[in-house]
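Q: Dumping the structure here so I can ask a few things about it.
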Amino acid sequence: MKKAIALIVLIFAVSSSMQYRFEESEELSEESVNQSQRDERQQIFSIIRNDYNKALQIQVEVQTTNEPEVVPFSNNSYVIPYFTANWHKSVEYCNYLGLRLAMIDSREKEAGLYAAVKASDVYSSGSTLVWVGASDLADEGNFHWHGTGRRVAYSNWARRQPDNAGAEHCVEVGLHEYPSLSMQWQWNDRDCKANRYFVCEG
Ligand SMILES: [Ca+2]
């Protein structure tokens, strides 16, 4: 009986002591969260938040660059996606990239654009045509640059172009032999619904 009482007392004492230690440690931890530790926690949360945001950013970038049909070629400020689209879709896609369908406002710029096209995967020595961002959709006969709204001042039309044959309102440039039209790195007005490679610029 005495042994039993002793055991009960012992158990009580041990459990009380554990309880006390537990409470003590709780109290200690409460006390120990001083300002500097709170600041430290805040800093850690902030790092986690930043990393999370960074991770999101990386994910978005990976999603953007991993689209299988797009093999962008970058030269200076040009991006030339490796797929064809009608003129309107080309405008949209350049905008989607945060860019615009390319403008040509000088002989130098035209030479730079052709150099970029020639160095890209879309180039073929027999025929290479790309959309640029000019059209007379809004005002027949008066070509304007979509990206700036400015009238086309500099131009390099192929012979007898623009001819609005049928209904041609968008500007393709490059190298091509049509049955009745020879384009030697020159411009032609063309049906906006035709599919062409295109050049975006930053
Ligand atoms: Ca034409």
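So you can find residues: chains in the structure tokens are A, B, ... in the order shown, residues in each start at 1, and ligands are numbered from 1 in order.
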Which of segment 148-196 of chain A end up as strand (DSSP E) when DSSP is run on this backbone - answer as a list of chain:residue names?
A: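 Answer for segment 148-196 of chain A, restricted to strand (DSSP E): A:Cys170, A:Val171, A:Glu172, A:Val173, A:Gly174, A:Leu175, A:His176, A:Glu177, A:Tyr178, A:Leu181, A:Ser182, A:Met183, A:Gln184, A:Trp185, A:Gln186, A:Trp187, A:Asn188, A:Asp189, A:Arg190.
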Q: Can you tell me, as a PyMOL selection string, what residues are no more than 10 Å from segment 128-130 of chain A when counting only C-alpha atoms, ignoring any on the same chain fewer than 2 positions away?
A: chain A and resi 80+84-85+87+90+102+114+117-118+122-126+132+171-177+183-188+195-199
Q: Given only C-alpha atoms and all ligand atoms, how would the per-residue table for chain A near ligand 1 read, listing every residue at most 10 Å away with its closest atom pair and distance in Å to one decimal, sorted by chain and number, as JSON lines?
A:
{"residue": "A:Trp157", "atom": "CA", "partner": "ligand 1", "partner_atom_place_in_ligand_line": "1 (Ca)", "distance": 9.4}
{"residue": "A:Ala158", "atom": "CA", "partner": "ligand 1", "partner_atom_place_in_ligand_line": "1 (Ca)", "distance": 8.8}
{"residue": "A:Arg159", "atom": "CA", "partner": "ligand 1", "partner_atom_place_in_ligand_line": "1 (Ca)", "distance": 9.7}
{"residue": "A:Arg160", "atom": "CA", "partner": "ligand 1", "partner_atom_place_in_ligand_line": "1 (Ca)", "distance": 8.1}
{"residue": "A:Gln161", "atom": "CA", "partner": "ligand 1", "partner_atom_place_in_ligand_line": "1 (Ca)", "distance": 5.5}
{"residue": "A:Pro162", "atom": "CA", "partner": "ligand 1", "partner_atom_place_in_ligand_line": "1 (Ca)", "distance": 5.0}
{"residue": "A:Asp163", "atom": "CA", "partner": "ligand 1", "partner_atom_place_in_ligand_line": "1 (Ca)", "distance": 4.7}
{"residue": "A:Asn164", "atom": "CA", "partner": "ligand 1", "partner_atom_place_in_ligand_line": "1 (Ca)", "distance": 5.3}
{"residue": "A:Ala165", "atom": "CA", "partner": "ligand 1", "partner_atom_place_in_ligand_line": "1 (Ca)", "distance": 5.5}
{"residue": "A:Gly166", "atom": "CA", "partner": "ligand 1", "partner_atom_place_in_ligand_line": "1 (Ca)", "distance": 8.6}
{"residue": "A:Ala167", "atom": "CA", "partner": "ligand 1", "partner_atom_place_in_ligand_line": "1 (Ca)", "distance": 8.7}
{"residue": "A:Glu168", "atom": "CA", "partner": "ligand 1", "partner_atom_place_in_ligand_line": "1 (Ca)", "distance": 6.1}
{"residue": "A:His169", "atom": "CA", "partner": "ligand 1", "partner_atom_place_in_ligand_line": "1 (Ca)", "distance": 8.4}
{"residue": "A:Cys170", "atom": "CA", "partner": "ligand 1", "partner_atom_place_in_ligand_line": "1 (Ca)", "distance": 8.9}
{"residue": "A:Val171", "atom": "CA", "partner": "ligand 1", "partner_atom_place_in_ligand_line": "1 (Ca)", "distance": 8.5}
{"residue": "A:Glu172", "atom": "CA", "partner": "ligand 1", "partner_atom_place_in_ligand_line": "1 (Ca)", "distance": 9.0}
{"residue": "A:Leu181", "atom": "CA", "partner": "ligand 1", "partner_atom_place_in_ligand_line": "1 (Ca)", "distance": 8.5}
{"residue": "A:Trp187", "atom": "CA", "partner": "ligand 1", "partner_atom_place_in_ligand_line": "1 (Ca)", "distance": 8.6}
{"residue": "A:Asn188", "atom": "CA", "partner": "ligand 1", "partner_atom_place_in_ligand_line": "1 (Ca)", "distance": 4.9}
{"residue": "A:Asp189", "atom": "CA", "partner": "ligand 1", "partner_atom_place_in_ligand_line": "1 (Ca)", "distance": 4.0}
{"residue": "A:Arg190", "atom": "CA", "partner": "ligand 1", "partner_atom_place_in_ligand_line": "1 (Ca)", "distance": 5.1}
{"residue": "A:Asp191", "atom": "CA", "partner": "ligand 1", "partner_atom_place_in_ligand_line": "1 (Ca)", "distance": 8.1}
Q: Where does DSSP see alpha helix (DSSP H) in segment 103-173 of chain A, if you list the residues as a ChimeraX atom specification?
A: /A:107-118
Q: Provide the atom CA of Tyr78 of chain A to atom CA of Asn142 of chain A distance in Å, to one decimal place.
A: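 Spanning atom CA of Tyr78 of chain A to atom CA of Asn142 of chain A is a straight-line distance of 25.8 Å.
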Q: When you look at Asn86 of chain A with a cut-off of 6 Å (counting only C-alpha atoms), what residues show up, excluding the ones that are within fewer than 2 positions of it in the same chain? I need them as an MDAnalysis selection string.
A: chainID A and resid 88:89 193:195
Q: Please produce an output containing C-alpha atoms for each residue in the selection, written as a PDB file, in the first residue's frame.
A:
ATOM      1  CA  HIS A  88      -3.907  41.140 -87.932  1.00  0.00           C
ATOM      2  CA  LYS A  89      -2.717  38.099 -86.004  1.00  0.00           C
ATOM      3  CA  LYS A 193      -5.510  37.547 -94.700  1.00  0.00           C
ATOM      4  CA  ALA A 194      -2.460  35.931 -96.350  1.00  0.00           C
ATOM      5  CA  ASN A 195      -0.177  34.038 -94.016  1.00  0.00           C
TER       6      ASN A 195
END
Q: Hey, can you check how far atom CA of Leu113 of chain A sits from atom CA of Glu201 of chain A?
A: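 Going from atom CA of Leu113 of chain A over to atom CA of Glu201 of chain A, I get 9.5 Å.
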